[in-house]
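Q: Structure below; questions to follow.
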Amino acid sequence: MLAAAASAAQVKVRVEGKTRTIFAPTELTVSADNALGALATAAGAGEFYYHVTETAFGPYVDQIGLFPSGGVTGWVYKVNGVSPPVGADQYVVKPGDKVLWYFATFGPTGGPPTLELERAAQSCYRVYSVDDAGTRAPAVGAVLHVGSKRTVATQGATQTVLGCVGKHRGLLVRATLDGAVRSNALP
Ligand code: B12
């Protein structure tokens with residue numbers, strides 16, 4: 001009898017590069033068994049380069065797109081905002097998980113926060129900064145980008161960081177903040 005194969009789950013994937021989004025700003029649903037498989041499927045769908053090398057810890061993604069890893073800089077992943085302490089091939093995904101791969105430099109306190117954008121009301125958005133443990137805080141000072149040409153400052157500090165962009169038919173909105181990984185995009 002054949003051993004039962006791990007059943008694939010439908011998960012959302014986004015890949016954020018050093019200076020731009022490499023894959024699916026609005027997050028694309030793919031079928032994958034684990035976080036490495038989610039990257040592999042995204043690479044096929046988006047026709048972008050990625051490379052896996054064998055290390056003492058197991059398979060390691062040492063390049064996505066143009067930039068290889070080196071020193072304390074390289075490619076890391078989060079699932080639902082949390083940075084797992086295991087290799088991507090070991091992280092079994094569940095239906096509905098959000099897998100994010102991004103380029104990051106690690107320091108003594110870990111990696112950079114990742115930004116998450118949520119719609120608050122029509123044309124208004126909340127921005128959160130999420131640390132490696134998945135803890136959310138308001139992303140104070142975040143800037144909203146409407147398409148590629150217009151930016152809108154956000155307001156707020158301790159409770160909520162919110163920005164309203166007005167009419168933006170057909171354009172996607174996303175958030176950036178110095179030192180943080182750019183957010184998902186929303187219509
Ligand atoms: C520097 C570092 C990184 C850098 C590597 C930059 C580079 N040069 O390529 C960055 C920040 C990119 C990184 C990423 C990750 N890391 Co790291 N990393 C380290 C650290 C602090 C030192 C490794 C090192 O330079 N060793 C010295 C050199 C000479 O030895 P080396 O064998 O050639 O090192 C290479 C591998 O270790 C590889 N590597 C680094 N991290 C990981 C993680 C995994 C799972 C694999 C397979 C390989 C790998 O990169 C090194 C340089 O080429 C170690 C902790 C430690 N003190 O060992 C953690 C450590 C190896 N990383 C770890 C983890 C979990 C990750 C991530 C999976 C985190 C994540 N959620 O994304 C990712 C890897 C994802 C991927 N790309 O496939 C764990 C591994 C645990 C395990 N048993 O599987 C460790 C042990 C930290 C920990 N205690 O949690 N990491």
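Starting from 1 in every chain, residues are counted up; chains themselves are A, B, ... following the order of the structure tokens, and ligands are numbered from 1 as listed.
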Given a cut-off of 8 Å, what residues near ligand 1 show up using only C-alpha atoms and all ligand atoms, put as a ChimeraX atom specification?
A: /A:36,52,54-63,68-78,82-88,101,103-106,111
Q: Would you pick out the contacts of A:Lys167 at 12 Å or less, using only C-alpha atoms, so that residues sharing its chain but fewer than 3 positions from it are not included, and give the list as a list in words?
A: Gln122, Ser123, Cys124, Val146, Gly147, Arg150, Cys164, Gly170, Leu171, Leu172, Val173 and Pro187 of chain A
Q: What's the 8 Å shell around A:Thr29, counting only C-alpha atoms, without same-chain residues fewer than 5 positions away, as a VMD selection string?
A: chain A and resid 10 to 13
Q: What residues in stretch 45-133 of chain A get the DSSP label strand (DSSP E)? Please answer as a ChimeraX atom specification.
A: /A:50-55,58-64,67-68,73-79,98-105,114-121,124-130
Q: Could you save the residues just selected, with N, CA and C atoms, as a short mmCIF file (atom, residue, chain, number, x, y, z; two decimals), in the first residue's frame?
A:
```cif
data_model
loop_
_atom_site.label_atom_id
_atom_site.label_comp_id
_atom_site.auth_asym_id
_atom_site.auth_seq_id
_atom_site.Cartn_x
_atom_site.Cartn_y
_atom_site.Cartn_z
N TYR A 50 14.10 31.47 -8.32
CA TYR A 50 14.46 31.24 -6.92
C TYR A 50 15.41 30.05 -6.89
N HIS A 51 16.22 29.97 -5.84
CA HIS A 51 17.22 28.90 -5.78
C HIS A 51 17.28 28.33 -4.38
N VAL A 52 17.32 27.01 -4.32
CA VAL A 52 17.39 26.31 -3.04
C VAL A 52 18.72 25.55 -2.97
N THR A 53 19.42 25.68 -1.84
CA THR A 53 20.67 24.95 -1.66
C THR A 53 20.55 24.07 -0.42
N GLU A 54 21.31 22.97 -0.39
CA GLU A 54 21.29 22.08 0.78
C GLU A 54 22.26 22.59 1.84
N THR A 55 21.83 22.70 3.08
CA THR A 55 22.70 23.11 4.18
C THR A 55 22.57 22.07 5.30
N GLY A 58 19.13 21.72 6.33
CA GLY A 58 18.16 21.26 5.35
C GLY A 58 18.12 22.21 4.17
N PRO A 59 17.07 22.12 3.32
CA PRO A 59 17.00 23.00 2.16
C PRO A 59 16.87 24.46 2.56
N TYR A 60 17.63 25.31 1.91
CA TYR A 60 17.68 26.74 2.26
C TYR A 60 17.50 27.57 1.00
N VAL A 61 16.57 28.51 1.01
CA VAL A 61 16.34 29.40 -0.13
C VAL A 61 17.40 30.49 -0.07
N ASP A 62 18.40 30.40 -0.96
CA ASP A 62 19.50 31.37 -0.90
C ASP A 62 19.36 32.48 -1.94
N GLN A 63 18.33 32.43 -2.77
CA GLN A 63 18.09 33.54 -3.70
C GLN A 63 16.65 33.51 -4.20
N ILE A 64 16.07 34.72 -4.31
CA ILE A 64 14.79 34.90 -5.00
C ILE A 64 14.98 36.12 -5.89
N PHE A 67 18.40 38.99 -6.08
CA PHE A 67 19.32 39.14 -4.95
C PHE A 67 19.58 37.84 -4.17
N PRO A 68 20.87 37.46 -4.06
CA PRO A 68 21.23 36.31 -3.23
C PRO A 68 21.34 36.72 -1.77
N THR A 73 21.90 38.89 5.85
CA THR A 73 20.82 39.35 4.98
C THR A 73 20.38 38.19 4.08
N GLY A 74 19.10 38.07 3.86
CA GLY A 74 18.64 37.02 2.97
C GLY A 74 17.13 36.91 2.97
N TRP A 75 16.66 35.72 2.56
CA TRP A 75 15.24 35.49 2.34
C TRP A 75 14.64 34.75 3.52
N VAL A 76 13.59 35.32 4.07
CA VAL A 76 12.91 34.71 5.22
C VAL A 76 11.42 34.63 4.92
N TYR A 77 10.72 33.82 5.71
CA TYR A 77 9.28 33.71 5.48
C TYR A 77 8.52 33.85 6.79
N LYS A 78 7.27 34.27 6.66
CA LYS A 78 6.34 34.31 7.78
C LYS A 78 5.07 33.59 7.35
N VAL A 79 4.39 32.99 8.33
CA VAL A 79 3.06 32.44 8.07
C VAL A 79 2.09 33.12 9.03
N LYS A 98 -1.55 32.51 5.34
CA LYS A 98 -0.95 33.54 4.49
C LYS A 98 0.56 33.41 4.59
N VAL A 99 1.19 33.06 3.49
CA VAL A 99 2.64 32.87 3.46
C VAL A 99 3.29 34.09 2.80
N LEU A 100 4.22 34.70 3.52
CA LEU A 100 4.94 35.86 3.00
C LEU A 100 6.42 35.54 2.97
N TRP A 101 7.05 35.68 1.80
CA TRP A 101 8.51 35.58 1.67
C TRP A 101 9.04 36.98 1.46
N TYR A 102 10.15 37.34 2.13
CA TYR A 102 10.68 38.70 1.95
C TYR A 102 12.17 38.75 2.21
N PHE A 103 12.77 39.80 1.68
CA PHE A 103 14.20 40.02 1.77
C PHE A 103 14.45 40.84 3.02
N ALA A 104 15.35 40.38 3.90
CA ALA A 104 15.50 41.07 5.18
C ALA A 104 16.92 40.97 5.72
N THR A 105 17.29 41.98 6.49
CA THR A 105 18.55 41.95 7.23
C THR A 105 18.22 41.76 8.70
N THR A 114 7.01 43.54 9.51
CA THR A 114 6.30 43.53 8.23
C THR A 114 5.02 44.36 8.41
N LEU A 115 4.61 45.05 7.36
CA LEU A 115 3.40 45.89 7.46
C LEU A 115 2.18 45.13 6.96
N GLU A 116 1.06 45.36 7.63
CA GLU A 116 -0.22 44.78 7.17
C GLU A 116 -1.23 45.89 7.00
N LEU A 117 -1.90 45.86 5.86
CA LEU A 117 -2.90 46.88 5.54
C LEU A 117 -4.29 46.25 5.64
N GLU A 118 -5.20 46.96 6.31
CA GLU A 118 -6.59 46.50 6.43
C GLU A 118 -7.51 47.64 6.05
N ARG A 119 -8.63 47.32 5.43
CA ARG A 119 -9.58 48.40 5.14
C ARG A 119 -10.37 48.71 6.40
N ALA A 120 -10.51 50.02 6.70
CA ALA A 120 -11.25 50.44 7.90
C ALA A 120 -12.65 50.88 7.52
N ALA A 121 -12.75 51.70 6.51
CA ALA A 121 -14.03 52.19 6.00
C ALA A 121 -13.77 52.49 4.53
N CYS A 124 -10.59 54.29 3.51
CA CYS A 124 -9.72 54.48 4.68
C CYS A 124 -9.09 53.14 5.05
N TYR A 125 -7.85 53.20 5.51
CA TYR A 125 -7.09 51.97 5.77
C TYR A 125 -6.35 52.07 7.10
N ARG A 126 -6.25 50.95 7.80
CA ARG A 126 -5.42 50.86 9.00
C ARG A 126 -4.12 50.17 8.64
N VAL A 127 -3.02 50.61 9.28
CA VAL A 127 -1.72 49.99 9.01
C VAL A 127 -1.13 49.47 10.31
N TYR A 128 -0.71 48.21 10.30
CA TYR A 128 -0.09 47.57 11.46
C TYR A 128 1.34 47.16 11.14
N SER A 129 2.17 47.23 12.17
CA SER A 129 3.54 46.75 12.08
C SER A 129 3.57 45.44 12.87
N VAL A 130 4.09 44.37 12.26
CA VAL A 130 4.02 43.05 12.88
C VAL A 130 5.44 42.52 13.10
#
```
Q: Let's see if you can do this: from backbone DSSP, list all alpha helix (DSSP H) residues in stretch 6-187 of chain A, as a PyMOL selection string.
A: chain A and resi 35-46
Q: Output C-alpha atoms for every residue in that selection, as a short mmCIF file (atom, residue, chain, number, x, y, z; two decimals), in the first residue's frame.
A:
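And here is the file that came out, part-v6.cif:
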```cif
data_model
loop_
_atom_site.label_atom_id
_atom_site.label_comp_id
_atom_site.auth_asym_id
_atom_site.auth_seq_id
_atom_site.Cartn_x
_atom_site.Cartn_y
_atom_site.Cartn_z
CA ALA A 35 5.99 27.12 2.97
CA LEU A 36 8.70 26.07 0.51
CA GLY A 37 6.11 24.55 -1.79
CA ALA A 38 4.12 27.79 -1.66
CA LEU A 39 7.21 29.66 -2.92
CA ALA A 40 7.83 27.06 -5.63
CA THR A 41 4.25 27.31 -6.89
CA ALA A 42 4.40 31.12 -6.80
CA ALA A 43 7.67 31.05 -8.77
CA GLY A 44 6.03 28.92 -11.43
CA ALA A 45 2.97 31.15 -11.61
CA GLY A 46 5.02 34.36 -11.63
#
```
Q: In Å, how far is it from atom CA of A:Thr109 to atom CA of A:Asn34?
A: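 Rounded to one decimal, the two atoms are 26.6 Å apart.
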Q: Please determine, counting only C-alpha atoms, which residue among A:Phe48, A:Gln159, A:Val92, A:Ala8 has the shortest atom-to-atom distance to A:Thr21.
A: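 Looking at the shortest contact to A:Thr21, the residue is A:Phe48.
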Q: Between atom CA of A:Val181 and atom CA of A:Gly17, what distance in Å does the model show, to one decimal?
A: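 Atom CA of A:Gly17 lies 9.0 Å from atom CA of A:Val181.
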Q: Which residue gives the smallest distance to A:Ala139 among A:Val152, A:Ala175, A:Leu28, A:Val165, with only C-alpha atoms counted?
A: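 Of the candidates, the smallest distance to A:Ala139 is held by A:Ala175.
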